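Below is one structure, written out as structure tokens; comments come after it.
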Amino acid sequence: TLRENETVDERVMDSNAIEKERGITILAKTTAINYKDYRINILDTPGHADFGGEVERIMNMVDGVLLVVDAYEGTMPQTRFVLKKALEAGVTPILVVNKIDKPDARISEVQDEILELFLDLDANEEQLNSPFVYCSARQGHSSLDPNNFGTDMKPLFETIISHIPAPSGDKEKPLKMLISAAEHNDFVGRLVVGKIEQGTAKVGDSIVVTNYHEPRNIRGKIVQLFEFVGLKRVPLEIGNAGDIVCIAGIEEAQIGDTVCSPLDTTPIPFVQIEKPTVEMTFMVNNSPFAGKEGKFVTSRHLRERLYKEAIKDLSLKVSDTDSADAFTVCGRGEMHLSILIENMRRDGYEFQVSMPRVLFLEENGKKLEPIDRLIIDVPADCVGTIMSKMGTRKGELIQMTDHNSRMKMEFFIPERGLFGFKSEFLTDTRGEGIMNSVFHAYEEYKGPIKRREFGSLIAFETGEAITYGLFNAQERGDLFITPGTQVYSGMVVGQNPKGDDIAVNVCKKKHLSNCRSSGSDDALRLIPPRIMSLEDCIEFLCDDELLEVTPKNI
């Protein structure tokens with residue numbers, strides 16, 4: 001699809017800046033390739049469970065899926081999640097074991113894990129007989145034989161053509177298209193993407209936008225029509241049933257709406273998106289440093305941005321609170337909300353967020369809480385530490401397997417038990433551990449879990465942090481700031497390992513005296529501060545603390 005001499009970024013489908021930085025997919029993307037006489041439409045979805053809404057909303061656009069599994073890591077909690085969605089939608093799977101060129105690949109074991117997962121999820125006989133393809137995406141080869149590396153990707157394309165059915169849809173019937181994605185373009189306004197279920201779409205056609213779940217009747221016309229080829233959107237005059245197209249010209253259309261011909265305005269049902277499990281309060285910044293760095297700082301700005309995001313991201317729920325300056329935002333997990341916070345601060349917003357809280361349910365007089373399935377892969381000598389940490393966080397071990405001096409453990413754990421665990425986990429495993437979790441079910445409340453074992457170091461007065469003050473404060477715990485940082489009274493400047501909050505005077509200057517002793521003026525040695533990422537800060541928060549987010553600082 002791309003020219004031989006074309007400059008192409010790594011992980012080219014991850015076009016968003018945060019996706020590139022973190023090496024993860026956050027948004028579902030659409031592309032298409034032409035192979036022989038066929039056109040193959042491709043939707044690249046995230047694997048991370050926090051962005052599951054992106055998988056759910058595009059399920060009705062696809063006729064088949066490639067379930068990609070790492071040849072060493074095997075099936076992960078998110079593999080179960082995306083496969084469950086595909087099997088429920090009744091689409092045809094092709095099983096792709098990727099990274100077979102890894103030195104520690106365990107292809108046959110991973111194959112067995114995938115088939116076990118199919119049995120677990122009650123797959124039918126046809127789904128169980130899905131073909132396996134063995135690939136190395138990085139080397140650009142695929143093969144139908146696990147013992148022989150191929151030379152190109154043709155075996156994969158041939159399997160797609162022979163195994164996945166072509167889209168069904170009568171092009172003689174009136175137009176129907178379910179909107180599965182929407183975005184805003186500064187030049188042409190709102191763009192909506194979907195698969196034409198039946199009929200044809202032509203530039204200039206009159207259309208009606210309806211919705212299956214709520215009354216909606218918007219009239220408009222197709223101003224521009226595009227199709228996807230490689231990394232580009234190409235203008236199109238006419239789109240037929242089965243094509244994935246992008247339409248410009250319908251400003252009020254939303255994800256889940258149906259674009260119809262005026263001859264038949266019956267809407268298409270839209271998949272129900274799973275409910276969020278975590279909430280945070282977003283509020284206007286009212287700290288002593290408020291309004292110094294942000295471009296958008298008022299409650300009106302904040303409200304507009306959050307409600308706009310909820311239209312685009314269906315797994316996000318935003319609601320007003322009793323206060324005009326605060327809003328409740330519910331999402332699928334800490335990472336889901338932290339990506340929203342990061343995007344907002346890059347757009348020039350300044351605001352405060354509270355500690356994340358899980359959403360409890362009441363059923364038959366019982367309190368229910370979200371439980372996650374957690375998979376941990378650690379060096380064998382770290383197992384004892386992890387087991388004791390899981391015990392205090394109410395984790396329940398389901399199974400444990402060992403391979404190559406590493407242990408793979410699976411737990412059911414309350415979602416609130418995972419708050420603040422990631423940074424501890426990386427410390428305990430010396431950075432060698434891998435952890436992945438996905439929502440499992442709502443179960444009865446498991447009892448209190450201690451939020452954190454440490455306290456905060458709090459600035460005693462407003463001013464500028466001085467080396468002398470920091471030198472004296474560092475005996476109390478780990479500091480997060482460097483000399484020259486502006487602080488205010490009550491600002492969290494470090495962590496106290498002993499559990500209580502302590503006020504420290506980081507602005508304290510050394511008073512000069514006329515007595516001198518040898519060595520008294522030697523340079524003070526400061527321990528390098530702990531640089532906190534956005535996720536670290538969110539994990540650190542306690543009930544009585546807020547995180548202040550501005551375009552320049554956290």
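In the structure tokens, chains take the letters A, B, ... in the order shown, each chain's residues start at 1, and ligands count up from 1 in the order shown.
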DSSP-assigned strand (DSSP E) among range 161-329 of chain A, expressed as a VMD selection string = chain A and resid 176 to 185 189 to 198 200 to 202 206 to 211 218 to 221 224 to 229 232 to 235 238 to 240 244 to 248 257 to 260 278 to 284 317 to 320 326 to 329
For Glu461 in chain A: contacts at 8 Å, only C-alpha atoms, fewer than 6 positions along chain excluded, given as an mmCIF file with N, CA and C atoms, in the first residue's frame:
```
data_model
loop_
_atom_site.group_PDB
_atom_site.id
_atom_site.type_symbol
_atom_site.label_atom_id
_atom_site.label_comp_id
_atom_site.auth_asym_id
_atom_site.auth_seq_id
_atom_site.Cartn_x
_atom_site.Cartn_y
_atom_site.Cartn_z
ATOM 1 N N VAL A 487 6.049 26.649 45.952
ATOM 2 C CA VAL A 487 5.116 25.806 46.729
ATOM 3 C C VAL A 487 4.141 26.707 47.487
ATOM 4 N N TYR A 488 3.011 26.134 47.907
ATOM 5 C CA TYR A 488 2.083 26.884 48.766
ATOM 6 C C TYR A 488 1.796 26.070 50.017
ATOM 7 N N SER A 489 1.336 26.728 51.042
ATOM 8 C CA SER A 489 1.043 26.074 52.321
ATOM 9 C C SER A 489 -0.041 25.021 52.098
ATOM 10 N N GLY A 490 0.253 23.766 52.456
ATOM 11 C CA GLY A 490 -0.719 22.687 52.262
ATOM 12 C C GLY A 490 -0.444 21.845 51.029
ATOM 13 N N ASN A 505 9.184 22.368 56.356
ATOM 14 C CA ASN A 505 9.436 23.722 55.840
ATOM 15 C C ASN A 505 10.522 23.666 54.779
ATOM 16 N N CYS A 507 10.983 25.848 52.512
ATOM 17 C CA CYS A 507 11.408 27.215 52.138
ATOM 18 C C CYS A 507 12.402 27.788 53.162
#
```
Of the candidates A:Ala181, A:Ala28, A:Ile244, A:Val69, which shows the shortest atom-to-atom distance to Asp14 in chain A, using only C-alpha atoms?
->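 Looking at the shortest contact to Asp14 in chain A, the residue is A:Ala28.
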Please provide the set of residues having any atom within 9 Å of Ile386 in chain A, restricted to only C-alpha atoms, with same-chain residues fewer than 6 positions apart removed, written as a PyMOL selection string.
-> chain A and resi 378+425+428-429
Residues of the last selection are to be written out with C-alpha atoms, as a PDB file, in the first residue's frame.
```
ATOM      1  CA  VAL A 378       6.979 -12.273  37.679  1.00  0.00           C
ATOM      2  CA  PHE A 425       4.474  -3.894  42.021  1.00  0.00           C
ATOM      3  CA  ASP A 428       8.787  -5.301  44.316  1.00  0.00           C
ATOM      4  CA  THR A 429       9.664  -7.000  40.996  1.00  0.00           C
TER       5      THR A 429
END
```
Tell me, as a ChimeraX atom specification, which residues lie within 10 Å of range 35-40 of chain A, counting only C-alpha atoms; anything in the same chain fewer than 6 positions away does not count.
-> /A:1,154,157-158,160-161,166,229,243
Show me, as a tab-separated table, the residues of range 186-270 of chain A having an atom within 12 Å of range 303-321 of chain A, each with the closest atom pair and its distance in Å, using only C-alpha atoms.
```
residue	atom	partner	partner_atom	distance
A:Arg190	CA	A:Lys312	CA	11.4
A:Leu191	CA	A:Lys312	CA	11.6
A:Val192	CA	A:Lys312	CA	10.8
A:Glu252	CA	A:Ile311	CA	10.7
A:Ala253	CA	A:Ile311	CA	10.0
A:Gln254	CA	A:Ile311	CA	6.9
A:Ile255	CA	A:Lys312	CA	7.2
A:Gly256	CA	A:Leu314	CA	9.3
A:Asp257	CA	A:Ile311	CA	11.7
A:Phe270	CA	A:Leu314	CA	11.7
```
Those same residues, written as an mmCIF file, in the first residue's frame with all heavy atoms?
```
data_model
loop_
_atom_site.group_PDB
_atom_site.id
_atom_site.type_symbol
_atom_site.label_atom_id
_atom_site.label_comp_id
_atom_site.auth_asym_id
_atom_site.auth_seq_id
_atom_site.Cartn_x
_atom_site.Cartn_y
_atom_site.Cartn_z
ATOM 1 N N ARG A 190 -18.224 18.038 11.065
ATOM 2 C CA ARG A 190 -18.337 16.706 11.676
ATOM 3 C C ARG A 190 -18.212 15.608 10.614
ATOM 4 O O ARG A 190 -18.826 15.671 9.546
ATOM 5 C CB ARG A 190 -19.695 16.587 12.373
ATOM 6 C CG ARG A 190 -19.763 15.428 13.331
ATOM 7 C CD ARG A 190 -20.913 15.656 14.297
ATOM 8 N NE ARG A 190 -20.964 14.675 15.352
ATOM 9 C CZ ARG A 190 -20.129 14.630 16.372
ATOM 10 N NH1 ARG A 190 -19.151 15.501 16.462
ATOM 11 N NH2 ARG A 190 -20.261 13.728 17.310
ATOM 12 N N LEU A 191 -17.400 14.605 10.921
ATOM 13 C CA LEU A 191 -17.234 13.443 10.041
ATOM 14 C C LEU A 191 -17.745 12.215 10.780
ATOM 15 O O LEU A 191 -17.407 12.009 11.949
ATOM 16 C CB LEU A 191 -15.758 13.239 9.703
ATOM 17 C CG LEU A 191 -15.082 14.305 8.837
ATOM 18 C CD1 LEU A 191 -13.576 14.104 8.856
ATOM 19 C CD2 LEU A 191 -15.581 14.242 7.403
ATOM 20 N N VAL A 192 -18.584 11.412 10.116
ATOM 21 C CA VAL A 192 -19.064 10.176 10.759
ATOM 22 C C VAL A 192 -18.643 8.987 9.908
ATOM 23 O O VAL A 192 -18.617 9.058 8.679
ATOM 24 C CB VAL A 192 -20.598 10.190 10.961
ATOM 25 C CG1 VAL A 192 -20.990 11.271 11.944
ATOM 26 C CG2 VAL A 192 -21.363 10.355 9.658
ATOM 27 N N GLU A 252 -25.193 17.211 13.716
ATOM 28 C CA GLU A 252 -25.699 16.724 15.020
ATOM 29 C C GLU A 252 -25.598 15.209 15.174
ATOM 30 O O GLU A 252 -26.012 14.670 16.194
ATOM 31 C CB GLU A 252 -27.174 17.128 15.232
ATOM 32 C CG GLU A 252 -27.408 18.625 15.396
ATOM 33 C CD GLU A 252 -27.704 19.310 14.070
ATOM 34 O OE1 GLU A 252 -28.289 18.671 13.200
ATOM 35 O OE2 GLU A 252 -27.335 20.488 13.918
ATOM 36 N N ALA A 253 -25.109 14.493 14.168
ATOM 37 C CA ALA A 253 -25.080 13.020 14.233
ATOM 38 C C ALA A 253 -24.115 12.539 15.307
ATOM 39 O O ALA A 253 -23.076 13.150 15.535
ATOM 40 C CB ALA A 253 -24.675 12.465 12.881
ATOM 41 N N GLN A 254 -24.477 11.430 15.976
ATOM 42 C CA GLN A 254 -23.653 10.867 17.049
ATOM 43 C C GLN A 254 -23.416 9.378 16.808
ATOM 44 O O GLN A 254 -24.129 8.748 16.023
ATOM 45 C CB GLN A 254 -24.359 11.034 18.398
ATOM 46 C CG GLN A 254 -24.519 12.472 18.815
ATOM 47 C CD GLN A 254 -25.283 12.592 20.128
ATOM 48 O OE1 GLN A 254 -25.588 11.614 20.785
ATOM 49 N NE2 GLN A 254 -25.603 13.818 20.510
ATOM 50 N N ILE A 255 -22.441 8.819 17.537
ATOM 51 C CA ILE A 255 -22.175 7.386 17.460
ATOM 52 C C ILE A 255 -23.439 6.647 17.920
ATOM 53 O O ILE A 255 -24.037 7.004 18.933
ATOM 54 C CB ILE A 255 -20.970 7.009 18.351
ATOM 55 C CG1 ILE A 255 -19.700 7.684 17.838
ATOM 56 C CG2 ILE A 255 -20.783 5.500 18.407
ATOM 57 C CD1 ILE A 255 -18.500 7.573 18.748
ATOM 58 N N GLY A 256 -23.841 5.613 17.169
ATOM 59 C CA GLY A 256 -25.058 4.866 17.528
ATOM 60 C C GLY A 256 -26.261 5.276 16.702
ATOM 61 O O GLY A 256 -27.274 4.578 16.680
ATOM 62 N N ASP A 257 -26.174 6.443 16.008
ATOM 63 C CA ASP A 257 -27.278 6.871 15.131
ATOM 64 C C ASP A 257 -27.235 6.073 13.825
ATOM 65 O O ASP A 257 -26.188 5.520 13.451
ATOM 66 C CB ASP A 257 -27.144 8.364 14.783
ATOM 67 C CG ASP A 257 -27.494 9.268 15.956
ATOM 68 O OD1 ASP A 257 -28.049 8.758 16.949
ATOM 69 O OD2 ASP A 257 -27.218 10.483 15.888
ATOM 70 N N PHE A 270 -28.182 -0.570 18.157
ATOM 71 C CA PHE A 270 -26.759 -0.356 18.447
ATOM 72 C C PHE A 270 -26.393 -1.166 19.687
ATOM 73 O O PHE A 270 -27.173 -1.257 20.632
ATOM 74 C CB PHE A 270 -26.497 1.141 18.701
ATOM 75 C CG PHE A 270 -25.042 1.474 18.922
ATOM 76 C CD1 PHE A 270 -24.096 1.165 17.967
ATOM 77 C CD2 PHE A 270 -24.612 2.100 20.093
ATOM 78 C CE1 PHE A 270 -22.752 1.476 18.144
ATOM 79 C CE2 PHE A 270 -23.274 2.408 20.292
ATOM 80 C CZ PHE A 270 -22.344 2.102 19.313
#
```
Distance in Å - CA of Leu524 in chain A versus CA of Thr482 in chain A |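 Between CA of Leu524 in chain A and CA of Thr482 in chain A the gap is 13.2 Å.
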Pick from A:Ala49, A:Ala324, A:Ala473, A:Met153: nearest to Pro77 in chain A, with only C-alpha atoms counted?
->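 Among the listed residues, A:Ala49 lies closest to Pro77 in chain A.
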Between A:Pro262, A:Gly189, A:Pro235, A:Pro356, which is the closest to Val209 in chain A once you count only C-alpha atoms?
-> A:Pro262
Test item: residues at most 8 Å from Ile18 in chain A, only C-alpha atoms, excluding those fewer than 3 positions along its chain, as a PDB file with all heavy atoms, in the first residue's frame:
```
ATOM      1  N   GLU A  21       3.739   7.786  22.447  1.00  0.00           N
ATOM      2  CA  GLU A  21       4.603   7.845  23.632  1.00  0.00           C
ATOM      3  C   GLU A  21       4.514   6.572  24.461  1.00  0.00           C
ATOM      4  O   GLU A  21       5.499   6.075  24.966  1.00  0.00           O
ATOM      5  CB  GLU A  21       4.188   9.023  24.525  1.00  0.00           C
ATOM      6  CG  GLU A  21       4.634  10.367  23.982  1.00  0.00           C
ATOM      7  CD  GLU A  21       3.908  11.516  24.660  1.00  0.00           C
ATOM      8  OE1 GLU A  21       3.516  11.364  25.827  1.00  0.00           O
ATOM      9  OE2 GLU A  21       3.723  12.565  24.022  1.00  0.00           O
ATOM     10  N   ARG A  22       3.305   6.070  24.636  1.00  0.00           N
ATOM     11  CA  ARG A  22       3.117   4.940  25.555  1.00  0.00           C
ATOM     12  C   ARG A  22       3.166   3.585  24.873  1.00  0.00           C
ATOM     13  O   ARG A  22       3.154   2.555  25.552  1.00  0.00           O
ATOM     14  CB  ARG A  22       1.756   5.065  26.268  1.00  0.00           C
ATOM     15  CG  ARG A  22       1.659   6.335  27.080  1.00  0.00           C
ATOM     16  CD  ARG A  22       0.421   6.327  27.907  1.00  0.00           C
ATOM     17  NE  ARG A  22       0.281   7.580  28.630  1.00  0.00           N
ATOM     18  CZ  ARG A  22      -0.273   7.684  29.811  1.00  0.00           C
ATOM     19  NH1 ARG A  22      -0.723   6.622  30.415  1.00  0.00           N
ATOM     20  NH2 ARG A  22      -0.385   8.843  30.408  1.00  0.00           N
ATOM     21  N   ILE A 339      -5.815   9.080  30.696  1.00  0.00           N
ATOM     22  CA  ILE A 339      -5.599   9.503  29.299  1.00  0.00           C
ATOM     23  C   ILE A 339      -6.452  10.737  29.004  1.00  0.00           C
ATOM     24  O   ILE A 339      -6.011  11.673  28.331  1.00  0.00           O
ATOM     25  CB  ILE A 339      -5.947   8.353  28.315  1.00  0.00           C
ATOM     26  CG1 ILE A 339      -5.014   7.152  28.509  1.00  0.00           C
ATOM     27  CG2 ILE A 339      -5.926   8.841  26.869  1.00  0.00           C
ATOM     28  CD1 ILE A 339      -3.605   7.294  28.029  1.00  0.00           C
TER      29      ILE A 339
END
```
